[in-house]
file model-v9.tsv (TSV, C-alpha atoms and all ligand atoms)
chain	number	residue	atom	x	y	z
A	35	MET	CA	86.11	96.80	73.37
A	36	ILE	CA	83.38	94.23	73.25
A	37	VAL	CA	83.51	90.45	73.32
A	38	LYS	CA	80.60	89.22	71.22
A	39	ASN	CA	80.93	85.51	71.79
A	40	ILE	CA	83.32	82.75	72.71
A	41	SER	CA	83.56	79.10	71.68
A	42	LEU	CA	85.25	76.66	73.99
A	43	ASN	CA	86.36	73.27	72.71
A	44	ASN	CA	88.02	70.87	75.12
A	45	PHE	CA	88.95	73.89	77.16
A	46	ARG	CA	89.17	73.17	80.93
A	47	ASN	CA	85.88	71.46	81.88
A	48	TYR	CA	84.12	72.51	78.64
A	49	SER	CA	83.63	69.99	75.89
A	50	SER	CA	81.98	72.17	73.26
A	51	GLU	CA	80.14	75.36	74.08
A	52	LYS	CA	79.46	78.64	72.30
A	53	ILE	CA	78.33	81.55	74.41
A	54	GLU	CA	76.96	84.88	73.15
A	55	PHE	CA	77.48	87.86	75.44
A	56	ASP	CA	75.71	91.09	76.23
A	57	GLU	CA	77.55	94.21	75.10
A	58	LYS	CA	77.40	95.68	78.59
A	59	LEU	CA	76.82	93.40	81.53
A	60	ASN	CA	77.19	89.65	81.83
A	61	ILE	CA	76.43	87.85	85.07
A	62	ILE	CA	77.87	84.34	85.01
A	63	TYR	CA	76.47	82.37	87.91
A	64	GLY	CA	76.35	78.83	89.28
A	65	ASN	CA	77.71	76.69	92.08
A	66	ASN	CA	81.38	76.35	92.87
A	67	ALA	CA	83.72	74.51	90.51
A	68	GLN	CA	81.28	74.53	87.57
A	69	GLY	CA	83.42	76.51	85.12
A	70	LYS	CA	82.57	80.18	85.67
A	71	THR	CA	86.12	81.42	86.12
A	72	ASN	CA	87.20	79.24	83.18
A	73	ILE	CA	85.17	81.53	80.90
A	74	LEU	CA	86.96	84.62	82.21
A	75	GLU	CA	90.27	82.81	81.82
A	76	ALA	CA	89.45	82.02	78.17
A	77	ILE	CA	88.81	85.72	77.47
A	78	TYR	CA	91.92	86.76	79.41
A	79	LEU	CA	94.06	84.52	77.20
A	80	PHE	CA	93.64	86.93	74.30
A	81	SER	CA	95.05	89.89	76.20
A	82	LEU	CA	98.64	88.78	76.66
A	83	GLY	CA	98.59	85.27	75.19
A	84	LYS	CA	98.75	83.48	78.51
A	85	SER	CA	96.50	82.46	81.34
A	86	ASN	CA	96.13	84.47	84.53
A	87	ARG	CA	96.31	81.28	86.59
A	88	ALA	CA	97.49	78.19	84.69
A	89	LEU	CA	101.13	77.34	85.21
A	90	LYS	CA	101.39	75.56	81.87
A	91	ASP	CA	99.34	75.89	78.71
A	92	GLY	CA	98.70	72.14	78.86
A	93	ASP	CA	96.58	72.63	82.00
A	94	LEU	CA	93.97	74.29	79.80
A	95	ILE	CA	93.33	71.11	77.80
A	96	ARG	CA	90.33	69.17	79.02
A	97	PHE	CA	91.46	66.11	80.97
A	98	GLY	CA	91.90	63.12	78.67
A	99	GLU	CA	91.86	65.16	75.43
A	100	ASP	CA	94.83	66.10	73.31
A	101	TYR	CA	93.99	69.64	72.30
A	102	ALA	CA	92.04	72.70	73.40
A	103	LYS	CA	90.64	75.41	71.16
A	104	VAL	CA	89.14	78.77	71.98
A	105	ASP	CA	87.55	81.04	69.37
A	106	ILE	CA	86.44	84.55	70.12
A	107	ASP	CA	84.64	87.28	68.18
A	108	PHE	CA	85.21	90.77	69.46
A	109	ILE	CA	85.13	94.43	68.52
A	110	SER	CA	88.31	96.40	69.02
A	111	LYS	CA	88.94	99.94	67.78
A	112	LYS	CA	85.56	99.80	66.05
A	113	ARG	CA	86.60	96.78	64.00
A	114	GLU	CA	85.21	93.27	64.05
A	115	CYS	CA	87.98	90.85	64.98
A	116	LYS	CA	88.25	87.16	65.52
A	117	GLY	CA	90.80	85.31	67.55
A	118	SER	CA	91.66	81.64	67.80
A	119	LEU	CA	93.90	79.87	70.21
A	120	ILE	CA	94.94	76.26	69.88
A	121	ILE	CA	96.86	74.27	72.42
A	122	GLU	CA	98.01	70.81	71.50
A	123	ASN	CA	99.67	68.40	73.90
A	124	SER	CA	103.42	68.96	74.00
A	125	LYS	CA	103.34	71.56	71.23
A	126	ARG	CA	103.65	75.33	71.33
A	127	LYS	CA	100.31	77.05	71.50
A	128	LYS	CA	99.15	78.86	68.40
A	129	ILE	CA	97.24	82.13	68.35
A	130	PHE	CA	95.60	83.68	65.31
A	131	ILE	CA	94.02	87.10	64.99
A	132	ASN	CA	91.87	87.47	61.90
A	133	ASP	CA	93.47	84.25	60.62
A	134	ILE	CA	96.98	85.67	60.86
A	135	ALA	CA	99.39	83.80	63.12
A	136	VAL	CA	100.70	85.76	66.07
A	137	ARG	CA	104.39	84.94	66.38
A	138	ARG	CA	105.19	86.74	69.62
A	139	ASN	CA	103.02	87.75	72.55
A	140	SER	CA	104.12	91.34	71.96
A	141	GLU	CA	102.28	91.22	68.61
A	142	LEU	CA	99.07	90.46	70.43
A	143	VAL	CA	99.29	93.52	72.65
A	144	GLY	CA	96.39	95.92	72.37
A	145	LYS	CA	94.09	93.63	70.39
A	146	LEU	CA	91.90	92.79	73.37
A	147	ASN	CA	92.53	94.60	76.64
A	148	VAL	CA	91.32	93.28	79.96
A	149	VAL	CA	91.35	94.27	83.59
A	150	PHE	CA	91.01	91.21	85.80
A	151	PHE	CA	89.86	91.50	89.36
A	152	GLY	CA	89.54	88.40	91.54
A	153	PRO	CA	89.26	87.98	95.33
A	154	GLU	CA	93.01	87.40	95.66
A	155	TYR	CA	93.52	91.02	94.54
A	156	LEU	CA	91.75	92.29	97.65
A	157	SER	CA	94.96	91.58	99.52
A	158	LEU	CA	97.03	93.45	96.93
A	159	ILE	CA	98.14	96.00	99.51
A	160	ARG	CA	98.64	93.62	102.41
A	161	GLU	CA	100.52	90.83	100.63
A	162	GLY	CA	104.12	90.66	99.51
A	163	PRO	CA	105.41	92.72	96.56
A	164	LYS	CA	105.11	89.96	93.92
A	165	MET	CA	101.43	90.51	93.35
A	166	ARG	CA	101.83	94.29	93.15
A	167	ARG	CA	104.54	93.91	90.55
A	168	LYS	CA	102.47	91.44	88.55
A	169	ASN	CA	99.41	93.63	88.65
A	170	LEU	CA	101.36	96.61	87.39
A	171	ASP	CA	103.14	94.62	84.70
A	172	VAL	CA	99.93	93.11	83.32
A	173	LEU	CA	98.61	96.64	82.91
A	174	ILE	CA	101.73	98.13	81.32
A	175	CYS	CA	102.35	95.14	79.04
A	176	GLN	CA	98.92	95.62	77.49
A	177	LEU	CA	99.64	99.26	76.80
A	178	ASN	CA	103.24	99.02	75.70
A	179	PRO	CA	104.57	96.12	73.57
A	180	THR	CA	108.17	97.30	73.93
A	181	TYR	CA	107.82	97.03	77.68
A	182	LEU	CA	106.51	93.47	77.32
A	183	SER	CA	109.51	92.45	75.20
A	184	SER	CA	111.93	94.17	77.58
A	185	VAL	CA	110.47	92.43	80.63
A	186	SER	CA	110.77	89.04	78.89
A	187	GLU	CA	114.34	89.78	77.88
A	188	TYR	CA	115.15	90.96	81.40
A	189	LYS	CA	113.75	87.74	82.86
A	190	ARG	CA	115.82	85.66	80.47
A	191	LEU	CA	119.04	87.50	81.34
A	192	ASN	CA	118.32	87.35	85.04
A	193	GLU	CA	117.78	83.60	84.87
A	194	GLN	CA	121.10	83.28	83.09
A	195	LYS	CA	122.82	85.39	85.73
A	196	SER	CA	121.15	83.42	88.47
A	197	LYS	CA	122.51	80.14	87.04
A	198	LEU	CA	125.93	81.68	86.70
A	199	LEU	CA	125.92	82.73	90.36
A	200	LYS	CA	125.23	79.15	91.42
A	201	ASN	CA	128.43	77.87	89.80
A	202	ASP	CA	131.46	77.11	91.97
A	203	ARG	CA	133.68	79.18	89.72
A	204	ILE	CA	132.04	82.24	88.28
A	205	ASP	CA	132.79	83.31	84.72
A	206	TRP	CA	133.48	86.97	85.40
A	207	ILE	CA	133.53	88.03	81.79
A	208	LEU	CA	130.06	86.65	81.24
A	209	PHE	CA	128.93	88.10	84.57
A	210	ASP	CA	129.97	91.60	83.47
A	211	VAL	CA	128.37	91.22	80.05
A	212	LEU	CA	125.09	90.13	81.62
A	213	ASN	CA	125.23	92.88	84.20
A	214	GLU	CA	125.73	95.51	81.54
A	215	LYS	CA	122.63	94.36	79.65
A	216	ILE	CA	120.65	93.97	82.87
A	217	LEU	CA	121.56	97.49	83.89
A	218	GLU	CA	120.36	98.93	80.61
A	219	LEU	CA	117.05	97.04	80.74
A	220	SER	CA	116.57	97.86	84.42
A	221	ILE	CA	116.79	101.55	83.68
A	222	TYR	CA	114.18	101.26	80.94
A	223	ILE	CA	111.81	99.06	82.98
A	224	SER	CA	112.01	101.30	86.03
A	225	LYS	CA	111.39	104.44	84.02
A	226	VAL	CA	108.29	102.97	82.44
A	227	ARG	CA	107.03	101.61	85.77
A	228	PHE	CA	107.53	104.99	87.41
A	229	GLU	CA	105.69	106.72	84.57
A	230	TYR	CA	102.68	104.37	84.88
A	231	ILE	CA	102.60	104.48	88.67
A	232	LYS	CA	102.34	108.26	88.40
A	233	LYS	CA	99.56	107.99	85.82
A	234	ILE	CA	97.60	105.56	88.01
A	235	GLU	CA	98.26	107.68	91.08
A	236	ARG	CA	96.82	110.77	89.39
A	237	ILE	CA	93.58	108.99	88.42
A	238	ALA	CA	93.28	107.01	91.66
A	239	GLN	CA	93.79	110.14	93.72
A	240	LYS	CA	90.75	111.75	92.14
A	241	ILE	CA	88.57	108.69	92.69
A	242	GLN	CA	89.75	108.23	96.29
A	243	LEU	CA	88.88	111.86	97.09
A	244	GLU	CA	85.47	111.33	95.56
A	245	VAL	CA	84.67	108.19	97.57
A	246	SER	CA	85.94	109.65	100.82
A	247	GLU	CA	84.16	112.97	100.37
A	248	ASN	CA	87.46	114.77	100.07
A	249	ARG	CA	88.89	113.36	103.26
A	250	GLU	CA	91.46	110.90	101.89
A	251	LYS	CA	94.40	111.77	99.74
A	252	LEU	CA	95.95	108.71	98.15
A	253	SER	CA	99.55	108.60	97.04
A	254	MET	CA	101.90	105.93	95.76
A	255	ASN	CA	105.64	105.35	95.99
A	256	TYR	CA	107.82	103.37	93.67
A	257	ILE	CA	110.53	101.35	95.42
A	258	SER	CA	113.34	99.88	93.35
A	259	CYS	CA	116.57	98.21	94.51
A	260	GLY	CA	115.54	99.10	98.04
A	261	LEU	CA	115.36	102.81	97.24
A	262	LYS	CA	112.41	105.15	97.03
A	263	ILE	CA	112.49	106.48	93.50
A	264	SER	CA	111.25	110.01	93.03
A	265	GLU	CA	111.12	112.32	90.03
A	266	LYS	CA	114.66	113.49	90.76
A	267	GLU	CA	116.06	109.97	90.91
A	268	ILE	CA	114.32	108.96	87.69
A	269	GLU	CA	116.24	111.63	85.83
A	270	ASN	CA	119.57	110.27	87.06
A	271	LEU	CA	118.67	106.62	87.09
A	272	SER	CA	121.71	105.56	85.11
A	273	ASP	CA	124.14	106.89	87.75
A	274	LEU	CA	122.02	105.71	90.63
A	275	TYR	CA	121.64	102.15	89.30
A	276	SER	CA	125.30	101.76	88.27
A	277	LYS	CA	126.29	102.66	91.81
A	278	ARG	CA	123.62	100.44	93.34
A	279	MET	CA	124.63	97.51	91.15
A	280	LEU	CA	128.16	97.70	92.50
A	281	GLU	CA	126.94	98.05	96.07
A	282	LEU	CA	124.75	94.97	95.76
A	283	LYS	CA	127.38	92.79	94.07
A	284	GLU	CA	128.81	91.66	97.40
A	285	ARG	CA	125.40	90.50	98.56
A	286	GLU	CA	124.78	88.75	95.24
A	287	LEU	CA	127.99	86.76	95.68
A	288	LYS	CA	127.30	86.01	99.33
A	289	TYR	CA	123.76	84.72	98.73
A	290	ARG	CA	124.40	83.52	95.18
A	291	GLU	CA	121.29	85.19	93.83
A	292	CYS	CA	120.32	88.25	91.78
A	293	VAL	CA	119.68	91.06	94.22
A	294	PHE	CA	119.97	94.07	91.95
A	295	GLY	CA	117.14	94.91	89.59
A	296	PRO	CA	113.44	95.61	89.15
A	297	HIS	CA	112.40	91.97	89.73
A	298	ARG	CA	112.36	92.99	93.40
A	299	ASP	CA	110.46	96.25	92.96
A	300	ASP	CA	107.59	97.29	95.14
A	301	ILE	CA	104.82	99.87	95.30
A	302	GLU	CA	103.68	101.56	98.50
A	303	PHE	CA	100.27	103.08	99.04
A	304	PHE	CA	99.52	105.95	101.38
A	305	ILE	CA	96.38	107.65	102.63
A	306	ASN	CA	97.00	111.12	103.99
A	307	GLY	CA	100.67	110.19	104.32
A	308	ALA	CA	100.12	106.98	106.34
A	309	ASP	CA	101.32	103.71	104.82
A	310	LEU	CA	98.16	101.72	104.05
A	311	LYS	CA	99.93	98.39	104.44
A	312	TYR	CA	100.63	99.03	108.10
A	313	PHE	CA	98.09	101.65	109.14
A	314	GLY	CA	95.09	101.00	106.92
A	315	SER	CA	92.05	99.09	108.16
A	316	GLN	CA	90.96	96.08	106.08
A	317	GLY	CA	88.09	98.15	104.73
A	318	GLN	CA	90.40	100.99	103.73
A	319	GLN	CA	92.73	98.55	102.03
A	320	LYS	CA	89.86	96.97	100.08
A	321	THR	CA	88.59	100.37	98.99
A	322	ALA	CA	92.06	101.38	97.86
A	323	VAL	CA	92.28	98.23	95.73
A	324	LEU	CA	88.89	98.95	94.16
A	325	VAL	CA	90.08	102.46	93.44
A	326	GLN	CA	93.25	101.04	91.87
A	327	LYS	CA	91.26	98.76	89.60
A	328	ILE	CA	88.91	101.53	88.53
A	329	ALA	CA	91.92	103.73	87.85
A	330	GLU	CA	93.33	100.97	85.62
A	331	VAL	CA	90.08	100.86	83.64
A	332	GLU	CA	90.12	104.64	83.25
A	333	LEU	CA	93.76	104.61	82.22
A	334	PHE	CA	92.95	102.36	79.27
A	335	LEU	CA	90.35	104.86	78.15
A	336	GLU	CA	92.86	107.69	78.45
A	337	GLU	CA	95.64	105.89	76.63
A	338	ILE	CA	93.79	104.11	73.84
A	339	GLY	CA	90.39	105.74	73.76
A	340	GLU	CA	88.48	102.59	74.63
A	341	TYR	CA	87.40	100.83	77.80
A	342	PRO	CA	88.95	97.41	78.40
A	343	ILE	CA	86.93	94.28	79.14
A	344	LEU	CA	86.42	94.15	82.88
A	345	LEU	CA	86.53	90.67	84.39
A	346	LEU	CA	85.23	90.59	87.96
A	347	ASP	CA	85.76	87.10	89.33
A	348	ASP	CA	83.73	86.28	92.43
A	349	ILE	CA	84.45	89.68	93.83
A	350	MET	CA	81.02	90.81	94.93
A	351	SER	CA	80.66	88.26	97.74
A	352	GLU	CA	83.78	89.72	99.31
A	353	LEU	CA	82.40	93.24	99.41
A	354	ASP	CA	79.75	94.92	101.53
A	355	THR	CA	76.76	96.49	99.76
A	356	ILE	CA	78.30	99.96	99.73
A	357	ARG	CA	81.38	98.72	97.97
A	358	GLN	CA	79.32	96.51	95.64
A	359	ASP	CA	77.26	99.50	94.54
A	360	PHE	CA	80.44	101.47	94.16
A	361	VAL	CA	81.87	98.87	91.79
A	362	LEU	CA	78.68	98.63	89.74
A	363	ASN	CA	78.12	102.37	89.51
A	364	LYS	CA	81.69	103.45	89.02
A	365	ILE	CA	82.69	101.02	86.32
A	366	ASN	CA	79.61	100.63	84.24
A	367	LYS	CA	81.00	102.12	81.08
A	368	GLY	CA	82.68	99.28	79.25
A	369	GLN	CA	81.71	95.64	78.96
A	370	ILE	CA	81.71	93.77	82.26
A	371	PHE	CA	81.75	90.09	83.15
A	372	ILE	CA	80.87	89.18	86.72
A	373	THR	CA	81.01	85.67	88.11
A	374	CYS	CA	79.12	84.83	91.30
A	375	THR	CA	77.37	81.98	93.07
A	376	ASP	CA	74.35	84.06	93.98
A	377	SER	CA	72.75	86.02	91.15
A	378	GLU	CA	70.04	87.42	93.47
A	379	LYS	CA	72.26	90.42	94.20
A	380	PHE	CA	71.79	91.56	90.65
A	381	LYS	CA	68.03	91.19	90.44
A	382	ASN	CA	67.62	94.97	90.18
A	383	ILE	CA	69.78	95.49	87.13
A	384	LYS	CA	67.97	97.07	84.21
A	385	SER	CA	69.72	95.39	81.36
A	386	GLY	CA	72.23	92.62	80.88
A	387	LYS	CA	72.52	88.89	80.50
A	388	PHE	CA	72.35	86.12	83.09
A	389	LEU	CA	74.24	82.97	82.15
A	390	ARG	CA	74.00	79.89	84.30
A	391	ILE	CA	76.89	77.42	84.25
A	392	ASP	CA	76.68	73.82	85.41
A	393	LYS	CA	79.51	71.31	84.94
A	394	GLY	CA	81.02	73.07	81.96
A	395	GLU	CA	77.73	73.76	80.19
A	396	MET	CA	75.57	76.82	79.87
A	397	THR	CA	72.21	75.67	81.20
A	398	GLU	CA	70.29	78.92	81.18
A	399	CYS	CA	70.65	82.25	79.42
A	400	ILE	CA	68.33	85.15	80.12
A	401	SER	CA	68.61	88.61	78.60
A	402	ILE	CA	66.87	91.51	80.24
B	1	LIG	N1	92.01	70.77	82.27
B	1	LIG	C1	90.82	70.51	82.83
B	1	LIG	N2	90.02	69.53	82.36
B	1	LIG	C2	88.82	69.26	82.92
B	1	LIG	N3	88.31	69.95	83.95
B	1	LIG	C3	89.06	70.94	84.45
B	1	LIG	C4	90.34	71.27	83.93
B	1	LIG	N4	90.83	72.33	84.63
B	1	LIG	C5	89.91	72.61	85.55
B	1	LIG	N5	88.84	71.80	85.46
B	1	LIG	C6	87.62	71.80	86.27
B	1	LIG	O1	87.01	73.07	86.18
B	1	LIG	C7	86.33	73.31	87.40
B	1	LIG	C8	86.72	74.65	87.96
B	1	LIG	O2	86.34	75.63	87.09
B	1	LIG	P1	86.21	77.12	87.58
B	1	LIG	O3	85.86	77.90	86.38
B	1	LIG	O4	87.43	77.52	88.32
B	1	LIG	O5	85.01	77.01	88.60
B	1	LIG	P2	84.09	78.14	89.21
B	1	LIG	O6	82.73	77.92	88.64
B	1	LIG	O7	84.11	77.86	90.69
B	1	LIG	O8	84.67	79.45	88.86
B	1	LIG	C9	86.69	72.23	88.37
B	1	LIG	O9	85.61	71.32	88.42
B	1	LIG	C10	87.92	71.60	87.73
B	1	LIG	O10	88.03	70.23	88.04
B	2	MG	MG	85.65	80.74	90.19
call {"tool": "encode", "arguments": {"input": "model-v9.tsv", "output": "structure tokens"}}
result
Amino acid sequence: MIVKNISLNNFRNYSSEKIEFDEKLNIIYGNNAQGKTNILEAIYLFSLGKSNRALKDGDLIRFGEDYAKVDIDFISKKRECKGSLIIENSKRKKIFINDIAVRRNSELVGKLNVVFFGPEYLSLIREGPKMRRKNLDVLICQLNPTYLSSVSEYKRLNEQKSKLLKNDRIDWILFDVLNEKILELSIYISKVRFEYIKKIERIAQKIQLEVSENREKLSMNYISCGLKISEKEIENLSDLYSKRMLELKERELKYRECVFGPHRDDIEFFINGADLKYFGSQGQQKTAVLVQKIAEVELFLEEIGEYPILLLDDIMSELDTIRQDFVLNKINKGQIFITCTDSEKFKNIKSGKFLRIDKGEMTECISI
């Protein structure tokens, strides 16, 4: 996939700007808080129809304006496509692909795929499970629209159950109805998550062996409802989860919150059998995250026959030169966007585009 250009109108700190990109490598540089990440965010919007960082769509509208518009020209599955996204104050955002309105985010899936990698991801292994779940879901949602719809439906039902649990008197009939639907969706979500964790593990394992000169074997575990889920459990998930749901009911009533279900899932990473979260050095953890991200990029190629757009936000400054080279040499196949404050690091690149951003304007653009 290739993003050819993007037009930003009243988007974040941009008033009106059209930027043409290189098909391979784009280095977006400039001081802090000038609008570099905003460009990546604008591209990201077309992957799943929402921002990777804004809490509300309205945050994307330039302060003091009443709408924001982003237009993008890209090539996907060898076809020229155009996308438009319009956000108006207090209205639902509208997305169009080739002038056709997208009614649900699940309809957008697969049009423009991205892998986003920012500095916060470097603590993917060390931090709590939320980020690991989100990272996995963003990947799967782009590859599987049914999964995206199921996760949204699951969230809706869980919110409903959560409200119900807060009531003084619980409506048990409704509780059982919700639980039945939640159980069904949980089984589906967990099966898909397990399947993708195994796919990522297979690719990541190969890369990890390569970077460690065959010394480090990486493996991953899927943890759901407090249980380690293996191949055997996946086959009998229906029995396992029905039992677990009953077991956890007492705790749900005691704490008045939803305890059962994949919204509490986690992923564990191991190197040669040792849990990376507890036994890995910071360097090992960073490398494992890089390997994860590269595996994600490769998985897109495997599943859909095309590389995704790789968005590397301010990541290079966090890595030593060995790991920087590793990133640049290992993932140089699709189109890449790199934001940084210091473009000097890239002075040796043979071809690509350097775009300088100052206060929401492109002030320099050099192709080499
Ligand atoms: N809705 C908005 N309207 C106007 N400016 C905004 C809006 N949202 C963010 N900004 C501005 O955008 C800048 C941050 O942009 P960002 O792309 O994150 O910077 P960086 O170049 O450091 O990556 C800040 O100056 C912030 O005030
Ligand atoms: Mg930034």
call {"tool": "closest_residue", "arguments": {"input": "model-v9.tsv", "among": "A:Phe108, A:Phe304, A:Phe294, A:Tyr222", "to": "A:Met254", "atoms": "all atoms listed in the file"}}
result
A:Phe304
call {"tool": "atom_distance", "arguments": {"input": "model-v9.tsv", "atom1": "atom CA of A:Val325", "atom2": "atom CA of A:Thr180"}}
result
27.1 Å
call {"tool": "closest_residue", "arguments": {"input": "model-v9.tsv", "among": "A:Pro296, A:Pro179, A:Gly69, A:Gly117", "to": "ligand MG 2 (chain B)", "atoms": "only C-alpha atoms and all ligand atoms"}}
result
A:Gly69
call {"tool": "residues_near_ligand", "arguments": {"input": "model-v9.tsv", "ligand": "ligand MG 2 (chain B)", "cutoff": "8 Å", "atoms": "only C-alpha atoms and all ligand atoms", "output": "list in words"}}
result
Asn66, Ala67, Gly69, Lys70, Thr71, Asn72, Asp347, Asp348, Thr373 and Cys374 of chain A
call {"tool": "residues_near_ligand", "arguments": {"input": "model-v9.tsv", "ligand": "ligand LIG 1 (chain B)", "cutoff": "9 Å", "atoms": "all atoms listed in the file", "output": "JSON, numbers by chain"}}
result
{"A": [44, 45, 46, 47, 48, 49, 62, 63, 64, 65, 66, 67, 68, 69, 70, 71, 72, 73, 74, 75, 88, 92, 93, 94, 95, 96, 97, 98, 99, 347, 348, 373, 374, 375, 391, 392, 393, 394]}
call {"tool": "atom_distance", "arguments": {"input": "model-v9.tsv", "atom1": "atom CA of A:Asp56", "atom2": "atom CA of A:Glu378"}}
result
18.5 Å
call {"tool": "residues_around", "arguments": {"input": "model-v9.tsv", "residues": "A:Ser272", "least_positions_apart": "3", "cutoff": "7 Å", "atoms": "only C-alpha atoms", "output": "VMD selection string"}}
result
chain A and resid 221 275 to 276
call {"tool": "atom_distance", "arguments": {"input": "model-v9.tsv", "atom1": "atom CA of A:Ile231", "atom2": "atom CA of A:Lys283"}}
result
27.9 Å
call {"tool": "closest_residue", "arguments": {"input": "model-v9.tsv", "among": "A:Asp210, A:Glu161, A:Asp105, A:Asp91", "to": "A:Ile301", "atoms": "only C-alpha atoms"}}
result
A:Glu161
call {"tool": "residues_around", "arguments": {"input": "model-v9.tsv", "residues": "A:Val149", "least_positions_apart": "5", "cutoff": "8 Å", "atoms": "only C-alpha atoms", "output": "ChimeraX atom specification"}}
result
/A:173,327,330-331,342-345
call {"tool": "build_atoms", "arguments": {"input": "model-v9.tsv", "residues": "stretch 45-60 of chain A", "atoms": "N, CA and C atoms", "output": "short mmCIF file (atom, residue, chain, number, x, y, z; two decimals), in the coordinates of the input"}}
result
data_model
loop_
_atom_site.label_atom_id
_atom_site.label_comp_id
_atom_site.auth_asym_id
_atom_site.auth_seq_id
_atom_site.Cartn_x
_atom_site.Cartn_y
_atom_site.Cartn_z
N PHE A 45 88.26 72.91 76.33
CA PHE A 45 88.95 73.89 77.16
C PHE A 45 88.51 73.70 78.61
N ARG A 46 89.49 73.43 79.51
CA ARG A 46 89.17 73.17 80.93
C ARG A 46 88.02 72.15 81.03
N ASN A 47 86.94 72.47 81.76
CA ASN A 47 85.88 71.46 81.88
C ASN A 47 84.79 71.60 80.81
N TYR A 48 85.09 72.36 79.74
CA TYR A 48 84.12 72.51 78.64
C TYR A 48 84.45 71.53 77.53
N SER A 49 83.41 70.88 77.01
CA SER A 49 83.63 69.99 75.89
C SER A 49 83.43 70.79 74.60
N SER A 50 82.22 71.32 74.41
CA SER A 50 81.98 72.17 73.26
C SER A 50 80.84 73.12 73.60
N GLU A 51 81.14 74.39 73.64
CA GLU A 51 80.14 75.36 74.08
C GLU A 51 80.39 76.70 73.39
N LYS A 52 79.32 77.28 72.85
CA LYS A 52 79.46 78.64 72.30
C LYS A 52 78.56 79.56 73.10
N ILE A 53 79.11 80.66 73.56
CA ILE A 53 78.33 81.55 74.41
C ILE A 53 78.32 82.97 73.82
N GLU A 54 77.11 83.50 73.65
CA GLU A 54 76.96 84.88 73.15
C GLU A 54 76.84 85.80 74.36
N PHE A 55 77.49 86.96 74.28
CA PHE A 55 77.48 87.86 75.44
C PHE A 55 76.70 89.15 75.19
N ASP A 56 76.33 89.77 76.29
CA ASP A 56 75.71 91.09 76.23
C ASP A 56 76.83 92.12 76.05
N GLU A 57 76.52 93.20 75.36
CA GLU A 57 77.55 94.21 75.10
C GLU A 57 77.96 94.97 76.36
N LYS A 58 77.10 94.91 77.37
CA LYS A 58 77.40 95.68 78.59
C LYS A 58 77.71 94.78 79.78
N LEU A 59 76.67 94.11 80.26
CA LEU A 59 76.82 93.40 81.53
C LEU A 59 76.49 91.92 81.41
N ASN A 60 77.41 91.09 81.86
CA ASN A 60 77.19 89.65 81.83
C ASN A 60 77.39 89.08 83.23
#
